[in-house]
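Coordinates from run-v9.tsv are shown below (TSV, C-alpha atoms).
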```tsv
chain	number	residue	atom	x	y	z
A	1	MET	CA	12.50	-16.52	16.82
A	2	ILE	CA	10.18	-14.11	15.09
A	3	ILE	CA	6.62	-15.04	14.16
A	4	SER	CA	4.66	-12.70	11.91
A	5	HIS	CA	1.08	-13.79	11.34
A	6	ARG	CA	0.51	-10.61	9.33
A	7	HIS	CA	3.19	-11.60	6.83
A	8	SER	CA	2.88	-15.38	7.35
A	9	VAL	CA	6.61	-15.67	8.07
A	10	ILE	CA	8.55	-17.57	10.75
A	11	LEU	CA	12.22	-16.73	11.33
A	12	PHE	CA	13.83	-19.52	13.31
A	13	ALA	CA	16.70	-18.51	15.61
A	14	ASN	CA	19.19	-21.32	15.08
A	15	PRO	CA	21.62	-20.86	18.04
A	16	ARG	CA	25.06	-19.35	17.38
A	17	THR	CA	24.16	-18.38	13.81
A	18	GLY	CA	23.52	-14.67	14.39
A	19	SER	CA	20.15	-15.30	16.03
A	20	GLU	CA	20.35	-12.19	18.24
A	21	THR	CA	20.88	-10.07	15.13
A	22	LEU	CA	18.03	-11.81	13.34
A	23	ARG	CA	15.61	-11.11	16.19
A	24	ALA	CA	16.72	-7.48	16.55
A	25	VAL	CA	16.32	-6.67	12.85
A	26	PHE	CA	12.89	-8.24	12.46
A	27	GLU	CA	11.43	-7.37	15.86
A	28	PRO	CA	9.03	-4.90	14.13
A	29	TRP	CA	7.41	-7.91	12.45
A	30	ALA	CA	6.75	-9.80	15.68
A	31	ASP	CA	3.06	-10.13	16.48
A	32	GLU	CA	3.29	-13.34	18.53
A	33	PRO	CA	4.81	-13.35	22.05
A	34	VAL	CA	8.10	-15.24	22.31
A	35	VAL	CA	9.12	-15.79	25.93
A	36	PRO	CA	12.13	-17.33	27.72
A	37	PHE	CA	11.89	-21.11	27.88
A	38	ARG	CA	11.34	-20.98	31.64
A	39	ASN	CA	8.22	-18.86	31.06
A	40	VAL	CA	6.60	-21.07	28.44
A	41	THR	CA	2.94	-21.88	29.09
A	42	PRO	CA	0.18	-23.50	27.01
A	43	GLN	CA	-1.01	-19.96	26.25
A	44	MET	CA	2.51	-18.75	25.34
A	45	PRO	CA	4.32	-21.79	23.90
A	46	PHE	CA	6.93	-20.02	21.79
A	47	TYR	CA	10.49	-19.40	23.02
A	48	PRO	CA	13.59	-17.89	21.30
A	49	HIS	CA	15.43	-21.03	20.15
A	50	MET	CA	12.37	-23.18	19.50
A	51	THR	CA	12.98	-25.81	16.84
A	52	PRO	CA	10.81	-26.01	13.72
A	53	ARG	CA	9.42	-29.35	14.94
A	54	GLU	CA	8.30	-27.84	18.23
A	55	CYS	CA	6.85	-24.83	16.42
A	56	GLN	CA	4.86	-27.05	14.08
A	57	ILE	CA	3.32	-28.82	17.09
A	58	ALA	CA	2.50	-25.50	18.77
A	59	PHE	CA	0.91	-24.21	15.56
A	60	ALA	CA	-1.24	-27.33	15.33
A	61	GLY	CA	-2.36	-26.77	18.92
A	62	ARG	CA	-3.49	-23.29	17.92
A	63	GLY	CA	-5.24	-24.48	14.78
A	64	LEU	CA	-2.73	-22.60	12.59
A	65	ASP	CA	-1.54	-23.86	9.21
A	66	PHE	CA	2.23	-24.17	9.72
A	67	GLN	CA	2.81	-25.15	6.10
A	68	SER	CA	1.29	-21.89	4.82
A	69	TYR	CA	4.00	-19.81	6.53
A	70	ARG	CA	7.29	-18.90	4.90
A	71	ARG	CA	9.96	-20.57	7.06
A	72	ILE	CA	13.50	-19.17	7.22
A	73	THR	CA	16.63	-19.97	9.23
A	74	PHE	CA	20.40	-19.55	9.04
A	75	VAL	CA	23.40	-21.85	9.00
A	76	ARG	CA	27.00	-21.13	9.90
A	77	SER	CA	30.35	-22.83	9.36
A	78	PRO	CA	30.31	-25.62	11.96
A	79	PHE	CA	34.00	-25.00	12.62
A	80	ALA	CA	33.31	-21.40	13.63
A	81	ARG	CA	30.01	-22.18	15.30
A	82	LEU	CA	31.41	-24.86	17.61
A	83	VAL	CA	34.21	-22.60	18.80
A	84	SER	CA	31.64	-19.85	19.41
A	85	LEU	CA	29.43	-22.25	21.39
A	86	TYR	CA	32.38	-23.52	23.43
A	87	ARG	CA	33.34	-19.98	24.37
A	88	MET	CA	29.74	-19.04	25.19
A	89	ILE	CA	29.46	-22.00	27.57
A	90	GLY	CA	32.70	-20.89	29.21
A	91	ASP	CA	31.17	-17.47	29.86
A	92	VAL	CA	28.01	-18.71	31.58
A	93	ASP	CA	28.46	-22.24	32.94
A	94	PRO	CA	29.05	-21.94	36.71
A	95	ILE	CA	31.35	-24.97	36.92
A	96	TRP	CA	33.43	-23.79	33.97
A	97	ARG	CA	33.67	-20.33	35.55
A	98	VAL	CA	34.81	-21.79	38.89
A	99	ARG	CA	37.48	-23.77	37.07
A	100	GLN	CA	38.71	-20.63	35.37
A	101	GLY	CA	38.64	-18.70	38.64
A	102	MET	CA	40.85	-21.37	40.17
A	103	GLY	CA	43.28	-21.07	37.28
A	104	ILE	CA	42.40	-24.54	35.96
A	105	GLY	CA	40.81	-23.26	32.78
A	106	PRO	CA	37.73	-24.57	30.94
A	107	PRO	CA	37.40	-28.20	29.84
A	108	ASN	CA	39.74	-29.08	27.01
A	109	PHE	CA	38.20	-28.17	23.64
A	110	ALA	CA	39.20	-31.46	22.04
A	111	ARG	CA	37.64	-33.52	24.84
A	112	TRP	CA	34.51	-31.36	24.77
A	113	LEU	CA	34.16	-31.64	20.98
A	114	ARG	CA	34.44	-35.44	21.11
A	115	LYS	CA	31.64	-35.64	23.69
A	116	ILE	CA	29.00	-33.34	22.18
A	117	ARG	CA	26.45	-34.57	19.68
A	118	PRO	CA	24.95	-33.09	16.48
A	119	ASP	CA	21.50	-34.13	17.71
A	120	GLY	CA	19.69	-35.16	20.89
A	121	ARG	CA	21.35	-33.80	24.02
A	122	GLY	CA	23.75	-31.73	21.90
A	123	ALA	CA	26.14	-29.95	24.25
A	124	GLY	CA	24.08	-30.75	27.36
A	125	GLY	CA	23.57	-28.11	30.04
A	126	PRO	CA	20.47	-27.11	32.03
A	127	ARG	CA	17.12	-27.88	30.45
A	128	HIS	CA	16.35	-24.19	29.91
A	129	HIS	CA	19.65	-23.58	28.05
A	130	LYS	CA	18.21	-24.60	24.71
A	131	TRP	CA	20.90	-22.55	22.92
A	132	ARG	CA	23.46	-24.94	24.38
A	133	GLN	CA	21.59	-28.11	23.45
A	134	TYR	CA	20.73	-27.00	19.93
A	135	GLY	CA	23.92	-24.99	19.35
A	136	CYS	CA	25.78	-28.00	18.01
A	137	TRP	CA	22.92	-29.72	16.21
A	138	SER	CA	23.45	-30.38	12.54
A	139	LEU	CA	21.41	-28.34	10.09
A	140	ALA	CA	19.39	-31.40	9.10
A	141	GLU	CA	18.53	-32.17	12.72
A	142	TRP	CA	17.63	-28.55	13.46
A	143	CYS	CA	15.41	-28.08	10.39
A	144	GLY	CA	13.81	-31.51	10.56
A	145	GLY	CA	12.77	-31.13	6.92
A	146	LEU	CA	10.46	-28.26	7.88
A	147	VAL	CA	12.38	-25.15	6.78
A	148	GLU	CA	12.09	-23.93	3.20
A	149	GLU	CA	14.87	-21.36	3.16
A	150	VAL	CA	18.33	-21.58	4.72
A	151	TYR	CA	20.90	-18.80	4.33
A	152	ARG	CA	24.49	-18.43	5.46
A	153	THR	CA	25.11	-16.34	8.55
A	154	GLU	CA	28.22	-15.13	6.80
A	155	ASP	CA	25.94	-13.45	4.21
A	156	MET	CA	23.52	-11.92	6.72
A	157	ALA	CA	24.49	-8.32	5.93
A	158	THR	CA	23.03	-8.70	2.44
A	159	ILE	CA	20.34	-11.33	3.06
A	160	LEU	CA	18.47	-9.56	5.89
A	161	PRO	CA	17.92	-6.28	3.96
A	162	ARG	CA	16.77	-8.30	0.95
A	163	ILE	CA	14.19	-10.24	2.97
A	164	GLY	CA	13.02	-7.07	4.68
A	165	ALA	CA	12.60	-5.26	1.36
A	166	GLU	CA	10.25	-7.98	0.14
A	167	TYR	CA	7.80	-6.90	2.86
A	168	GLY	CA	8.46	-3.17	2.90
A	169	LEU	CA	10.73	-3.25	5.94
A	170	GLN	CA	13.75	-1.02	5.48
A	171	VAL	CA	16.81	-2.62	7.07
A	172	GLY	CA	19.81	-0.35	7.53
A	173	GLU	CA	23.22	-1.52	8.60
A	174	VAL	CA	22.89	-5.01	10.06
A	175	PRO	CA	24.24	-5.03	13.64
A	176	ARG	CA	26.64	-7.67	14.92
A	177	LEU	CA	25.09	-8.63	18.24
A	178	ASN	CA	26.16	-11.09	20.96
A	179	ALA	CA	29.52	-11.54	19.21
A	180	ARG	CA	32.83	-12.16	20.90
A	181	PRO	CA	36.29	-10.89	20.02
A	182	ARG	CA	37.68	-12.79	17.07
A	183	VAL	CA	40.16	-15.57	17.75
A	184	HIS	CA	42.29	-17.85	15.58
A	185	TRP	CA	41.12	-21.39	15.02
A	186	GLN	CA	44.47	-23.12	14.76
A	187	ALA	CA	45.08	-23.18	18.49
A	188	LEU	CA	41.98	-25.35	18.95
A	189	TYR	CA	41.62	-27.49	15.82
A	190	THR	CA	43.75	-30.48	14.94
A	191	PRO	CA	43.44	-32.78	11.93
A	192	GLU	CA	41.57	-35.26	14.15
A	193	LEU	CA	39.03	-32.65	15.26
A	194	ILE	CA	38.58	-31.38	11.71
A	195	SER	CA	37.80	-34.95	10.67
A	196	ILE	CA	35.20	-35.26	13.45
A	197	VAL	CA	33.48	-32.06	12.35
A	198	HIS	CA	33.50	-33.16	8.71
A	199	ASP	CA	31.94	-36.50	9.63
A	200	ARG	CA	29.15	-34.91	11.69
A	201	TYR	CA	28.32	-31.95	9.47
A	202	ALA	CA	29.33	-33.09	5.98
A	203	PRO	CA	26.03	-32.22	4.21
A	204	GLU	CA	26.00	-28.57	5.32
A	205	ILE	CA	29.77	-28.17	4.83
A	206	GLU	CA	29.40	-29.36	1.25
A	207	ARG	CA	26.12	-27.59	0.48
A	208	PHE	CA	27.28	-24.18	1.70
A	209	GLY	CA	30.95	-24.48	0.74
A	210	TYR	CA	32.48	-24.14	4.20
A	211	PRO	CA	36.26	-24.63	4.25
A	212	SER	CA	38.32	-26.26	6.97
A	213	PRO	CA	40.02	-23.89	9.44
A	214	TYR	CA	43.35	-24.36	7.69
A	215	PRO	CA	44.90	-22.13	6.48
A	216	ARG	CA	44.49	-19.74	9.35
A	217	GLY	CA	41.01	-18.34	9.85
A	218	THR	CA	39.18	-16.41	12.52
A	219	THR	CA	35.92	-16.87	14.34
A	220	GLU	CA	33.95	-15.10	17.04
```

How would this structure read if it were set down as structure tokens?
Amino acid sequence: MIISHRHSVILFANPRTGSETLRAVFEPWADEPVVPFRNVTPQMPFYPHMTPRECQIAFAGRGLDFQSYRRITFVRSPFARLVSLYRMIGDVDPIWRVRQGMGIGPPNFARWLRKIRPDGRGAGGPRHHKWRQYGCWSLAEWCGGLVEEVYRTEDMATILPRIGAEYGLQVGEVPRLNARPRVHWQALYTPELISIVHDRYAPEIERFGYPSPYPRGTTE
């Protein structure tokens, strides 16, 4: 999350949609402290993956006009995003790591996908792992009707320089941060799982033209 009072812009870091890249590129704009969730206080209420709803409440507490700020976030193919989230959890969750160390492997992707939600508890996890909770929220749930501009993560290399140029910030080559080696989708998705994803994320799939993972595609 980047908050620029000088430019009246808020860049919301929607988890697993290139949020590390977003924060790195626009860090020069930041003039409001954004701290890890564990370090949030009434004086410093903003944290990296804060939702627009939470931000609106924090702004009101500060007497700031949330509606007067330009509000931007990113969306990503839910098929790619869910695989990315699943792999990220496998890298950091202690129980998943123990399972892998024992040669059992992580929880089955299909079982995991059936259990997570596009809202509420999302993909569960510790309270401070907001990236895990929000990482599988639908775009509508994440935005809560409070974000004016939504762009595709897949178009970030052209969108970020364009936004920067509007405010005199020169953005060079857009880095690809916190990304994992690319993998094929077909080993994880089945027609049943594709149907589940379509049912949960249909509005953003249709609005942004995201295809199913067949024929073969890759994700990070």

Using all atoms listed in the file, which residue out of A:Arg87, A:Arg176, A:Arg207, A:Arg16 lies closest to Trp112 in chain A?
-> A:Arg87

Please provide the set of residues having any atom within 12 Å of Asn14 in chain A, restricted to only C-alpha atoms, with same-chain residues fewer than 3 positions apart removed, written as JSON, numbers by chain.
-> {"A": [1, 2, 11, 17, 18, 19, 20, 21, 22, 23, 47, 48, 49, 50, 51, 52, 72, 73, 74, 75, 76, 81, 130, 131, 132, 133, 134, 135, 136, 137, 138, 139, 140, 141, 142, 143, 147, 150, 151, 152, 153]}

Output file for the residues above (C-alpha atoms, as a PDB file, in the frame of the given file):
```pdb
ATOM      1  CA  MET A   1      12.500 -16.520  16.820  1.00  0.00           C
ATOM      2  CA  ILE A   2      10.180 -14.110  15.090  1.00  0.00           C
ATOM      3  CA  LEU A  11      12.220 -16.730  11.330  1.00  0.00           C
ATOM      4  CA  THR A  17      24.160 -18.380  13.810  1.00  0.00           C
ATOM      5  CA  GLY A  18      23.520 -14.670  14.390  1.00  0.00           C
ATOM      6  CA  SER A  19      20.150 -15.300  16.030  1.00  0.00           C
ATOM      7  CA  GLU A  20      20.350 -12.190  18.240  1.00  0.00           C
ATOM      8  CA  THR A  21      20.880 -10.070  15.130  1.00  0.00           C
ATOM      9  CA  LEU A  22      18.030 -11.810  13.340  1.00  0.00           C
ATOM     10  CA  ARG A  23      15.610 -11.110  16.190  1.00  0.00           C
ATOM     11  CA  TYR A  47      10.490 -19.400  23.020  1.00  0.00           C
ATOM     12  CA  PRO A  48      13.590 -17.890  21.300  1.00  0.00           C
ATOM     13  CA  HIS A  49      15.430 -21.030  20.150  1.00  0.00           C
ATOM     14  CA  MET A  50      12.370 -23.180  19.500  1.00  0.00           C
ATOM     15  CA  THR A  51      12.980 -25.810  16.840  1.00  0.00           C
ATOM     16  CA  PRO A  52      10.810 -26.010  13.720  1.00  0.00           C
ATOM     17  CA  ILE A  72      13.500 -19.170   7.220  1.00  0.00           C
ATOM     18  CA  THR A  73      16.630 -19.970   9.230  1.00  0.00           C
ATOM     19  CA  PHE A  74      20.400 -19.550   9.040  1.00  0.00           C
ATOM     20  CA  VAL A  75      23.400 -21.850   9.000  1.00  0.00           C
ATOM     21  CA  ARG A  76      27.000 -21.130   9.900  1.00  0.00           C
ATOM     22  CA  ARG A  81      30.010 -22.180  15.300  1.00  0.00           C
ATOM     23  CA  LYS A 130      18.210 -24.600  24.710  1.00  0.00           C
ATOM     24  CA  TRP A 131      20.900 -22.550  22.920  1.00  0.00           C
ATOM     25  CA  ARG A 132      23.460 -24.940  24.380  1.00  0.00           C
ATOM     26  CA  GLN A 133      21.590 -28.110  23.450  1.00  0.00           C
ATOM     27  CA  TYR A 134      20.730 -27.000  19.930  1.00  0.00           C
ATOM     28  CA  GLY A 135      23.920 -24.990  19.350  1.00  0.00           C
ATOM     29  CA  CYS A 136      25.780 -28.000  18.010  1.00  0.00           C
ATOM     30  CA  TRP A 137      22.920 -29.720  16.210  1.00  0.00           C
ATOM     31  CA  SER A 138      23.450 -30.380  12.540  1.00  0.00           C
ATOM     32  CA  LEU A 139      21.410 -28.340  10.090  1.00  0.00           C
ATOM     33  CA  ALA A 140      19.390 -31.400   9.100  1.00  0.00           C
ATOM     34  CA  GLU A 141      18.530 -32.170  12.720  1.00  0.00           C
ATOM     35  CA  TRP A 142      17.630 -28.550  13.460  1.00  0.00           C
ATOM     36  CA  CYS A 143      15.410 -28.080  10.390  1.00  0.00           C
ATOM     37  CA  VAL A 147      12.380 -25.150   6.780  1.00  0.00           C
ATOM     38  CA  VAL A 150      18.330 -21.580   4.720  1.00  0.00           C
ATOM     39  CA  TYR A 151      20.900 -18.800   4.330  1.00  0.00           C
ATOM     40  CA  ARG A 152      24.490 -18.430   5.460  1.00  0.00           C
ATOM     41  CA  THR A 153      25.110 -16.340   8.550  1.00  0.00           C
TER      42      THR A 153
END
```

Enter the distance from CA of Pro33 in chain A to CA of Met156 in chain A, in Å, rounded to one decimal.
->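 One can read the CA of Pro33 in chain A to CA of Met156 in chain A distance as 24.2 Å.
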
All residues 12 Å or closer to Val92 in chain A, only C-alpha atoms, same chain fewer than 2 positions away omitted, as a PyMOL selection string | chain A and resi 85-90+94-98+100+106+125-126+129+131-132

Residue selection dump (C-alpha atoms) as a JSON list (two decimals), in the coordinates of the input:
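Heads up, here's the output in result-v9.json:
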```
[["chain", "number", "residue", "atom", "x", "y", "z"],
["A", 85, "LEU", "CA", 29.43, -22.25, 21.39],
["A", 86, "TYR", "CA", 32.38, -23.52, 23.43],
["A", 87, "ARG", "CA", 33.34, -19.98, 24.37],
["A", 88, "MET", "CA", 29.74, -19.04, 25.19],
["A", 89, "ILE", "CA", 29.46, -22.00, 27.57],
["A", 90, "GLY", "CA", 32.70, -20.89, 29.21],
["A", 94, "PRO", "CA", 29.05, -21.94, 36.71],
["A", 95, "ILE", "CA", 31.35, -24.97, 36.92],
["A", 96, "TRP", "CA", 33.43, -23.79, 33.97],
["A", 97, "ARG", "CA", 33.67, -20.33, 35.55],
["A", 98, "VAL", "CA", 34.81, -21.79, 38.89],
["A", 100, "GLN", "CA", 38.71, -20.63, 35.37],
["A", 106, "PRO", "CA", 37.73, -24.57, 30.94],
["A", 125, "GLY", "CA", 23.57, -28.11, 30.04],
["A", 126, "PRO", "CA", 20.47, -27.11, 32.03],
["A", 129, "HIS", "CA", 19.65, -23.58, 28.05],
["A", 131, "TRP", "CA", 20.90, -22.55, 22.92],
["A", 132, "ARG", "CA", 23.46, -24.94, 24.38]]
```

Between CA of Asn108 in chain A and CA of Tyr210 in chain A, distance in Å (one decimal) = 24.4 Å

Could you tell me which of A:Pro203, A:His184, A:Arg111, A:Gly164 comes closest to Glu27 in chain A if we count all atoms listed in the file?
->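 Ranked by minimum distance to Glu27 in chain A, first place goes to A:Gly164.
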
Pick from A:Ser77, A:Thr158, A:Gln170, A:Ser84, whichever lies nearest to Tyr201 in chain A using only C-alpha atoms =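 Smallest distance to Tyr201 in chain A is found for A:Ser77.
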
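Note that CA of Glu154 in chain A and CA of Phe208 in chain A are 10.4 Å apart.
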
Taking all atoms listed in the file into account, which of A:Arg121, A:Lys115, A:Arg38, A:Arg53 comes nearest Phe12 in chain A?
-> A:Arg53

Counting all atoms listed in the file, closest pick from A:Pro118, A:Arg127, A:Met102, A:Val197 relative to Pro36 in chain A is A:Arg127

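Restricting the calculation to only C-alpha atoms, the smallest distance between Gly172 in chain A and any of A:Phe59, A:Phe79, A:Phe26, A:Phe46 is found for A:Phe26.
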
N, CA, C and O atoms for range 35-55 of chain A, written as a PDB file, keeping the file's coordinate frame, could you do that?
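Ended up saving to selection.pdb:
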```pdb
ATOM      1  N   VAL A  35       8.694 -15.988  24.545  1.00  0.00           N
ATOM      2  CA  VAL A  35       9.120 -15.790  25.930  1.00  0.00           C
ATOM      3  C   VAL A  35      10.295 -16.711  26.256  1.00  0.00           C
ATOM      4  O   VAL A  35      10.525 -17.705  25.561  1.00  0.00           O
ATOM      5  N   PRO A  36      11.074 -16.407  27.309  1.00  0.00           N
ATOM      6  CA  PRO A  36      12.130 -17.330  27.720  1.00  0.00           C
ATOM      7  C   PRO A  36      11.565 -18.719  27.992  1.00  0.00           C
ATOM      8  O   PRO A  36      10.409 -18.859  28.423  1.00  0.00           O
ATOM      9  N   PHE A  37      12.370 -19.734  27.754  1.00  0.00           N
ATOM     10  CA  PHE A  37      11.890 -21.110  27.880  1.00  0.00           C
ATOM     11  C   PHE A  37      11.276 -21.369  29.260  1.00  0.00           C
ATOM     12  O   PHE A  37      10.274 -22.083  29.376  1.00  0.00           O
ATOM     13  N   ARG A  38      11.861 -20.783  30.291  1.00  0.00           N
ATOM     14  CA  ARG A  38      11.340 -20.980  31.640  1.00  0.00           C
ATOM     15  C   ARG A  38       9.922 -20.435  31.808  1.00  0.00           C
ATOM     16  O   ARG A  38       9.195 -20.842  32.712  1.00  0.00           O
ATOM     17  N   ASN A  39       9.527 -19.502  30.943  1.00  0.00           N
ATOM     18  CA  ASN A  39       8.220 -18.860  31.060  1.00  0.00           C
ATOM     19  C   ASN A  39       7.173 -19.420  30.096  1.00  0.00           C
ATOM     20  O   ASN A  39       6.069 -18.890  30.005  1.00  0.00           O
ATOM     21  N   VAL A  40       7.528 -20.479  29.392  1.00  0.00           N
ATOM     22  CA  VAL A  40       6.600 -21.070  28.440  1.00  0.00           C
ATOM     23  C   VAL A  40       5.368 -21.626  29.165  1.00  0.00           C
ATOM     24  O   VAL A  40       5.467 -22.248  30.217  1.00  0.00           O
ATOM     25  N   THR A  41       4.203 -21.364  28.587  1.00  0.00           N
ATOM     26  CA  THR A  41       2.940 -21.880  29.090  1.00  0.00           C
ATOM     27  C   THR A  41       2.120 -22.378  27.899  1.00  0.00           C
ATOM     28  O   THR A  41       2.465 -22.086  26.744  1.00  0.00           O
ATOM     29  N   PRO A  42       1.039 -23.103  28.142  1.00  0.00           N
ATOM     30  CA  PRO A  42       0.180 -23.500  27.010  1.00  0.00           C
ATOM     31  C   PRO A  42      -0.347 -22.295  26.231  1.00  0.00           C
ATOM     32  O   PRO A  42      -0.582 -22.388  25.026  1.00  0.00           O
ATOM     33  N   GLN A  43      -0.514 -21.169  26.910  1.00  0.00           N
ATOM     34  CA  GLN A  43      -1.010 -19.960  26.250  1.00  0.00           C
ATOM     35  C   GLN A  43       0.118 -19.240  25.495  1.00  0.00           C
ATOM     36  O   GLN A  43      -0.131 -18.547  24.507  1.00  0.00           O
ATOM     37  N   MET A  44       1.351 -19.367  25.985  1.00  0.00           N
ATOM     38  CA  MET A  44       2.510 -18.750  25.340  1.00  0.00           C
ATOM     39  C   MET A  44       3.581 -19.830  25.133  1.00  0.00           C
ATOM     40  O   MET A  44       4.535 -19.952  25.908  1.00  0.00           O
ATOM     41  N   PRO A  45       3.439 -20.641  24.084  1.00  0.00           N
ATOM     42  CA  PRO A  45       4.320 -21.790  23.900  1.00  0.00           C
ATOM     43  C   PRO A  45       5.623 -21.518  23.164  1.00  0.00           C
ATOM     44  O   PRO A  45       6.491 -22.396  23.068  1.00  0.00           O
ATOM     45  N   PHE A  46       5.787 -20.292  22.655  1.00  0.00           N
ATOM     46  CA  PHE A  46       6.930 -20.020  21.790  1.00  0.00           C
ATOM     47  C   PHE A  46       8.092 -19.403  22.576  1.00  0.00           C
ATOM     48  O   PHE A  46       7.903 -18.493  23.377  1.00  0.00           O
ATOM     49  N   TYR A  47       9.302 -19.918  22.347  1.00  0.00           N
ATOM     50  CA  TYR A  47      10.490 -19.400  23.020  1.00  0.00           C
ATOM     51  C   TYR A  47      11.598 -19.171  21.985  1.00  0.00           C
ATOM     52  O   TYR A  47      11.520 -19.667  20.855  1.00  0.00           O
ATOM     53  N   PRO A  48      12.643 -18.387  22.323  1.00  0.00           N
ATOM     54  CA  PRO A  48      13.590 -17.890  21.300  1.00  0.00           C
ATOM     55  C   PRO A  48      14.221 -18.939  20.408  1.00  0.00           C
ATOM     56  O   PRO A  48      14.298 -18.751  19.191  1.00  0.00           O
ATOM     57  N   HIS A  49      14.722 -20.042  20.966  1.00  0.00           N
ATOM     58  CA  HIS A  49      15.430 -21.030  20.150  1.00  0.00           C
ATOM     59  C   HIS A  49      14.588 -22.268  19.872  1.00  0.00           C
ATOM     60  O   HIS A  49      15.118 -23.370  19.721  1.00  0.00           O
ATOM     61  N   MET A  50      13.299 -22.080  19.785  1.00  0.00           N
ATOM     62  CA  MET A  50      12.370 -23.180  19.500  1.00  0.00           C
ATOM     63  C   MET A  50      12.705 -23.808  18.151  1.00  0.00           C
ATOM     64  O   MET A  50      12.965 -23.115  17.167  1.00  0.00           O
ATOM     65  N   THR A  51      12.690 -25.126  18.100  1.00  0.00           N
ATOM     66  CA  THR A  51      12.980 -25.810  16.840  1.00  0.00           C
ATOM     67  C   THR A  51      11.754 -25.777  15.930  1.00  0.00           C
ATOM     68  O   THR A  51      10.613 -25.623  16.389  1.00  0.00           O
ATOM     69  N   PRO A  52      11.953 -25.947  14.636  1.00  0.00           N
ATOM     70  CA  PRO A  52      10.810 -26.010  13.720  1.00  0.00           C
ATOM     71  C   PRO A  52       9.827 -27.120  14.076  1.00  0.00           C
ATOM     72  O   PRO A  52       8.611 -26.935  13.928  1.00  0.00           O
ATOM     73  N   ARG A  53      10.324 -28.262  14.548  1.00  0.00           N
ATOM     74  CA  ARG A  53       9.420 -29.350  14.940  1.00  0.00           C
ATOM     75  C   ARG A  53       8.501 -28.910  16.066  1.00  0.00           C
ATOM     76  O   ARG A  53       7.283 -29.145  16.044  1.00  0.00           O
ATOM     77  N   GLU A  54       9.095 -28.300  17.089  1.00  0.00           N
ATOM     78  CA  GLU A  54       8.300 -27.840  18.230  1.00  0.00           C
ATOM     79  C   GLU A  54       7.295 -26.773  17.798  1.00  0.00           C
ATOM     80  O   GLU A  54       6.157 -26.739  18.273  1.00  0.00           O
ATOM     81  N   CYS A  55       7.730 -25.896  16.918  1.00  0.00           N
ATOM     82  CA  CYS A  55       6.850 -24.830  16.420  1.00  0.00           C
ATOM     83  C   CYS A  55       5.679 -25.424  15.651  1.00  0.00           C
ATOM     84  O   CYS A  55       4.527 -24.966  15.798  1.00  0.00           O
TER      85      CYS A  55
END
```
